[in-house]
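Written out below as structure tokens is the structure these notes cover.
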Amino acid sequence: MTPADRLATGTLRLLKPPPRLSLPDWVEAEFRLPERSSAQPGRFNLWKYQRGWLEAIGDPLVPRVTLMKAARLGFSKCLIATIGSYACNDPCSVILLVPTDDDARRYAVDEVEPSFEESPALHDLIQRGRLDGRNTLVMKAFNAGGSLKILAARAPRNLRMHDAKVLLIDEADAMEVTVEGDPILLAEKRTVAHPDRKIVCGSTPTSEDTSVVARRFDESTQEVFEVPCPECGVFNEISWSNIEWNSGEPETAQYMCPHCKGMIDERRKPGMVDNGRWRALKPDVVGHRGFRINALVSMLPNASWGQLAREYLDAKRGGPHMMQVFYNTVLAKPWRTTINRVDASMLADRAEPWGLPTVGHGMIVPDDVVLITAGVDMQDDRVECTLIGFSVFGAPCILGHVVFPGNTLEDGVWKTLDGFLKTKWRHPNGWAIGIDGTAIDSGGRGGRTQRVYDFAYPRMSRYIFAIKGLPGPRKIWTKLTSVKGDMRAFGVAVDVLKTEVLDRLAREPFNEDGSENPQAFRLSDQLTDEFLEQSCNETRRIRFVKNRPIIEFQPKRAGAPTEALDCIVYALAVRQSPSVRSIDLRERAARRQVIGEQPPKQNAGGWAEKFAAL
Ligand SMILES: [Zn+2]
């Protein structure tokens with residue numbers, strides 16, 4: 001080589017840009033996790049499965065990536081790191097679509113801003129955006145033509161104004177179809193002008209019938225994360241059926257290798273995950289990589305096998321809704337409801353000899369019931385109230401149903417209801433038992449809605465709440481913002497709860513060996529045929545709105561009354577309200593074994609703190 005050649009080669013080498021890092025390598029080198037929202041702040045040391053996701057997201061030949069995943073696997077962090085990489089390496093328009101305004105704000109303030117501030121490679125990008133004055137809370141401007149918009153699916157109108165090459169979707173299954181359409185499809189429409197677009201859709205799955213992420217996963221390469229057994233070396237996806245523990249000792253949970261039957265200790269998990277790999281069940285699918293992963297390979301300390309076994313046992317006691325949450329958020333599985341035919345005569349056969357014989361004059365409850373909730377439905381000419389009793393281990397007991405006639409625009413019926421809600425009954429064990437919390441429907445009845453607010457608000461210290469049923473998949477309790485002044489009312493996820501009620505009614509309360517099934521309901525023989533009829537007067541069906549399946553409840557016949565079902569739903573909701581769900585039934589049952597001890601006084605101010613977190 002002549003000196004001139006050498007010089008030329010050297011110059012070329014100097015001119016050549018540094019080799020471009022793959023997305024996972026860039027993330028590990030340049031991205032920093034902020035202290036505010038990370039268990040391990042600082043450099044982002046990717047777990048093996050996260051590397052797989054980011055390789056797919058960073059691959060220009062893959063326009064679509066789908067993740068059906070459990071919680072606690074660090075997906076949100078990976079999305080933020082992806083945003084960082086686009087801002088730094090490929091400035092373009094990015095939309096991050098999340099379910100609600102609150103989610104958008106949380107992402108912006110707790111995740112994006114601090115990550116950009118703490119990552120040297122990104123620090124200046126967000127600064128520059130700020131100086132432009134173009135940053136709003138949910139919109140970040142980057143330099144050189146890049147931008148990030150964090151949008152809430154609840155307000156799909158927003159989507160019309162924006163256009164993006166990259167669309168990142170978090171918690172797709174929590175996004176409802178609104179009158180304006182399916183927010184996910186609307187958002188995808190905003191990307192069609194970009195031939196090199198990228199759509200990343202991640203979610204914990206919800207119901208099998210309606211899950212967006214499960215349907216997309218089916219259309220993808222269907223990749224599963226497999227880890228080698230440290231004993232025999234055979235690769236398997238860790239599934240829940242392979243987790244075993246000594247009865248009553250969830251902390252002893254271990255993984256049993258389905259191949260060699262070796263019992264594998266939690267301490268070997270990091271090594272297994274480090275050597276794990278993604279395997280496609282449908283490797284021939286092109287352009288759409290999909291991943292399925294459960295929390296059994298999560299490396300977070302709060303997702304140890306022992307901890308998850310404990311959560312499973314709690315969910316089992318908690319009933320179908322809690323079990324669905326476990327399936328969705330831990331096992332990353334869509335939930336199949338067992339709702340099937342249930343009719344009043346089946347329910348009548350199950351009735352048991354306890355209940356509410358006459359209003360205010362003694363009630364017999366099964367002796368293990370330690371907490372009672374009330375659900376109240378309001379009509380023009382009456383209010384109806386159902387009581388449900390809860391025990392530590394068994395199924396909830398529908399104790400009774402009372403109808404109070406009277407014009408609900410006048411005071412009389414409310415006075416009667418108030419007296420009833422204060423009633424104390426003698427528990428079979430000798431102590432006095434009363435109602436621990438009440439939800440009253442205020443929905444859609446003009447001046448009557450205000451009557452419910454006027455009744456409930458001054459009684460919130462007794463855990464009496466005005467509520468309004470909200471459809472679709474959502475958290476059971478939310479604060480309603482539409483209520484004027486300092487009144488408070490709460491949204492309750494009635495479709496979620498109706499699914500649970502119908503599911504429970506369809507199950508037998510006792511197993512063949514005589515043991516109690518906590519996933520069912522027990523029923524009093526004081527409940528009338530009319531009540532039993534009404535409690536199964538709605539059916540659940542799937543309807544397609546703009547190609548997206550949604551769950552709907554419909555009366556079996558037009559105009560069939562459903563007050564009983566509504567009351568059961570509201571009473572069940574109370575148990576899950578922030579005030580009542582923190583009551584420890586085990587502790588209460590233990591204390592009540594001392595005959596005659598009175599229930600402790602409720603902390604009158606407690607509700608405010610507890611609901612503040614909503
Ligand atoms: Zn093995």
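Here's how to read the names in the structure tokens: chain A, B, ... by the order shown, residue numbers from 1 in each chain, ligand numbers from 1 in the order shown.
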
Contacts with ligand 1 at most 8 Å, only C-alpha atoms and all ligand atoms counted, listed as a CSV table (one decimal) with C-alpha atoms, in the first residue's frame:
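What landed in part.csv:
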chain,number,residue,atom,x,y,z
A,228,PRO,CA,-33.6,-24.2,29.4
A,229,CYS,CA,-34.0,-26.5,32.4
A,230,PRO,CA,-30.9,-26.3,34.5
A,231,GLU,CA,-31.1,-30.1,35.1
A,232,CYS,CA,-31.7,-31.5,31.6
A,233,GLY,CA,-31.2,-28.5,29.3
A,234,VAL,CA,-34.6,-29.0,27.5
A,256,MET,CA,-41.2,-28.5,37.8
A,257,CYS,CA,-39.5,-29.2,34.5
A,258,PRO,CA,-42.2,-30.9,32.3
A,259,HIS,CA,-39.4,-32.9,30.7
A,260,CYS,CA,-37.2,-34.4,33.5
A,261,LYS,CA,-39.6,-33.6,36.3
A,262,GLY,CA,-36.8,-31.9,38.2

Open item on the list: Could you pull out the strand (DSSP E or B) residues of segment 215-379 of chain A, going by DSSP on the backbone, and write them as a PyMOL selection string?
Closed with: chain A and resi 223-228+235-236+243-246+249-256+263-264+277-280+288-293+335+352+355+364+369-378

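Of the listed residues (A:Asp584, A:Asp110, A:Asp101, A:Glu533), A:Glu533 comes nearest to Asp343 of chain A; the distances count only C-alpha atoms.
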
- [ ] Kindly indicate which residue among A:Asp182, A:Asp90, A:Asp381, A:Asp368 lies nearest to Pro396 of chain A, using only C-alpha atoms for the distances.
- [x] A:Asp368

Task: Residue neighbourhood segment 69-85 of chain A, 6 Å, only C-alpha atoms, exclusion window fewer than 6 positions, as a list in words - done: Thr204, Arg292, Ile293, Asn294, Ala295, Ser298, Thr329, Val330 and Ala332 of chain A

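Non-sequential neighbours of Gly276 of chain A (distance at most 8 Å, separation of 2 or more positions within a chain, only C-alpha atoms) are A:Lys48, A:Tyr49, A:Phe225, A:Glu226, A:Val227, A:Pro228, A:Phe235, A:Met272, A:Val273, A:Asp274, A:Trp278.
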
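From atom CA of Ala351 of chain A back to atom CA of Thr438 of chain A, the distance works out to 24.1 Å.
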
Open item on the list: Just checking: using only C-alpha atoms, which residue out of A:Ala87, A:Val213, A:Ala395, A:Val200 ends up closest to Asp59 of chain A?
Closed with: A:Val200

TODO: Do a neighbour search on Asn158 of chain A at 12 Å with only C-alpha atoms, toss out local chain neighbours closer than 3 positions, and write the hits as an NGL selection string.
DONE: :A and (95 or 97 or 101 or 138-139 or 149-155 or 161-163 or 180 or 183 or 186-187 or 190)

Okay, now the selection with N, CA, C and O atoms, as an mmCIF file, in the first residue's frame?
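Generated output (out_28.cif):
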data_model
loop_
_atom_site.group_PDB
_atom_site.id
_atom_site.type_symbol
_atom_site.label_atom_id
_atom_site.label_comp_id
_atom_site.auth_asym_id
_atom_site.auth_seq_id
_atom_site.Cartn_x
_atom_site.Cartn_y
_atom_site.Cartn_z
ATOM 1 N N ILE A 95 -46.518 8.609 17.752
ATOM 2 C CA ILE A 95 -47.695 8.714 18.620
ATOM 3 C C ILE A 95 -47.627 7.586 19.640
ATOM 4 O O ILE A 95 -47.392 6.436 19.279
ATOM 5 N N LEU A 97 -50.153 5.916 22.132
ATOM 6 C CA LEU A 97 -51.576 5.874 22.443
ATOM 7 C C LEU A 97 -51.789 5.082 23.726
ATOM 8 O O LEU A 97 -51.362 3.934 23.835
ATOM 9 N N ASP A 101 -56.601 9.924 29.829
ATOM 10 C CA ASP A 101 -55.841 11.157 30.046
ATOM 11 C C ASP A 101 -54.838 11.003 31.175
ATOM 12 O O ASP A 101 -53.710 11.483 31.102
ATOM 13 N N VAL A 138 -48.789 16.603 27.123
ATOM 14 C CA VAL A 138 -48.773 15.306 26.473
ATOM 15 C C VAL A 138 -48.175 15.380 25.075
ATOM 16 O O VAL A 138 -48.327 14.485 24.280
ATOM 17 N N MET A 139 -47.498 16.453 24.773
ATOM 18 C CA MET A 139 -46.887 16.536 23.468
ATOM 19 C C MET A 139 -45.463 17.036 23.637
ATOM 20 O O MET A 139 -45.228 18.073 24.224
ATOM 21 N N LYS A 149 -46.270 12.589 20.421
ATOM 22 C CA LYS A 149 -47.569 12.971 20.969
ATOM 23 C C LYS A 149 -48.079 11.813 21.809
ATOM 24 O O LYS A 149 -48.143 10.689 21.324
ATOM 25 N N ILE A 150 -48.416 12.101 23.049
ATOM 26 C CA ILE A 150 -48.998 11.069 23.913
ATOM 27 C C ILE A 150 -50.490 11.336 23.953
ATOM 28 O O ILE A 150 -50.921 12.385 24.425
ATOM 29 N N LEU A 151 -51.270 10.420 23.405
ATOM 30 C CA LEU A 151 -52.700 10.667 23.253
ATOM 31 C C LEU A 151 -53.519 9.636 24.019
ATOM 32 O O LEU A 151 -53.124 8.482 24.135
ATOM 33 N N ALA A 152 -54.674 10.093 24.511
ATOM 34 C CA ALA A 152 -55.570 9.202 25.246
ATOM 35 C C ALA A 152 -56.638 8.658 24.307
ATOM 36 O O ALA A 152 -57.253 9.409 23.561
ATOM 37 N N ALA A 153 -56.857 7.346 24.380
ATOM 38 C CA ALA A 153 -57.836 6.713 23.494
ATOM 39 C C ALA A 153 -59.259 7.153 23.795
ATOM 40 O O ALA A 153 -60.138 7.047 22.956
ATOM 41 N N ARG A 154 -59.504 7.662 25.017
ATOM 42 C CA ARG A 154 -60.851 8.111 25.374
ATOM 43 C C ARG A 154 -61.285 9.308 24.538
ATOM 44 O O ARG A 154 -62.455 9.598 24.440
ATOM 45 N N ALA A 155 -60.302 10.029 24.002
ATOM 46 C CA ALA A 155 -60.642 11.220 23.225
ATOM 47 C C ALA A 155 -60.115 11.064 21.806
ATOM 48 O O ALA A 155 -59.190 11.748 21.401
ATOM 49 N N MET A 161 -56.170 14.941 14.237
ATOM 50 C CA MET A 161 -55.301 16.065 13.903
ATOM 51 C C MET A 161 -53.854 15.648 13.701
ATOM 52 O O MET A 161 -53.042 16.458 13.326
ATOM 53 N N HIS A 162 -53.552 14.404 13.998
ATOM 54 C CA HIS A 162 -52.145 14.029 14.011
ATOM 55 C C HIS A 162 -51.840 12.955 12.997
ATOM 56 O O HIS A 162 -52.702 12.232 12.539
ATOM 57 N N ASP A 163 -50.556 12.852 12.717
ATOM 58 C CA ASP A 163 -50.086 11.948 11.702
ATOM 59 C C ASP A 163 -48.779 11.384 12.229
ATOM 60 O O ASP A 163 -48.040 12.083 12.912
ATOM 61 N N GLU A 180 -67.081 7.644 18.239
ATOM 62 C CA GLU A 180 -66.244 8.081 17.122
ATOM 63 C C GLU A 180 -65.502 6.924 16.471
ATOM 64 O O GLU A 180 -64.803 7.096 15.494
ATOM 65 N N PRO A 183 -60.540 3.531 18.662
ATOM 66 C CA PRO A 183 -59.369 4.418 18.707
ATOM 67 C C PRO A 183 -58.126 3.793 18.080
ATOM 68 O O PRO A 183 -57.288 4.492 17.513
ATOM 69 N N LEU A 186 -58.492 4.101 14.363
ATOM 70 C CA LEU A 186 -58.339 5.520 14.007
ATOM 71 C C LEU A 186 -56.863 5.914 14.034
ATOM 72 O O LEU A 186 -56.373 6.604 13.149
ATOM 73 N N ALA A 187 -56.156 5.432 15.061
ATOM 74 C CA ALA A 187 -54.740 5.779 15.172
ATOM 75 C C ALA A 187 -53.945 5.146 14.035
ATOM 76 O O ALA A 187 -53.049 5.770 13.459
ATOM 77 N N ARG A 190 -53.776 7.005 10.863
ATOM 78 C CA ARG A 190 -52.866 8.157 10.818
ATOM 79 C C ARG A 190 -51.481 7.773 10.320
ATOM 80 O O ARG A 190 -50.628 8.625 10.132
#

Open item on the list: For His427 of chain A, find every residue with an atom within 9 Å (counting only C-alpha atoms), except residues of its own chain fewer than 4 positions away, and show them as a PyMOL selection string.
Closed with: chain A and resi 363-367+369-370+431-433

Open item on the list: Set the distance at 10 Å and use only C-alpha atoms: which residues neighbour Val574 of chain A once local chain neighbours fewer than 4 positions away are removed? I'd like the list as a list of chain:residue names.
Closed with: A:Ile372, A:Thr373, A:Ala374, A:Gly375, A:Ile388, A:Asp436, A:Gly437, A:Thr438, A:Ala439, A:Ile440, A:Tyr463, A:Ile464, A:Phe465, A:Ile476, A:Trp477, A:Val492, A:Val569, A:Tyr570, A:Pro578, A:Ser579, A:Val580, A:Arg581

TODO: Give me every helix (DSSP H, G or I) residue in segment 126-317 of chain A, going by DSSP on the backbone, as a ChimeraX atom specification.
DONE: /A:126-131,157-160,172-174,183-189,212-219,240-242,266-274,295-297,301-303,305-317

Task: Nearest-residue call for Gly145 of chain A, choices A:Ser93, A:Phe116, A:Arg474, A:Leu168, using only C-alpha atoms - done: A:Ser93
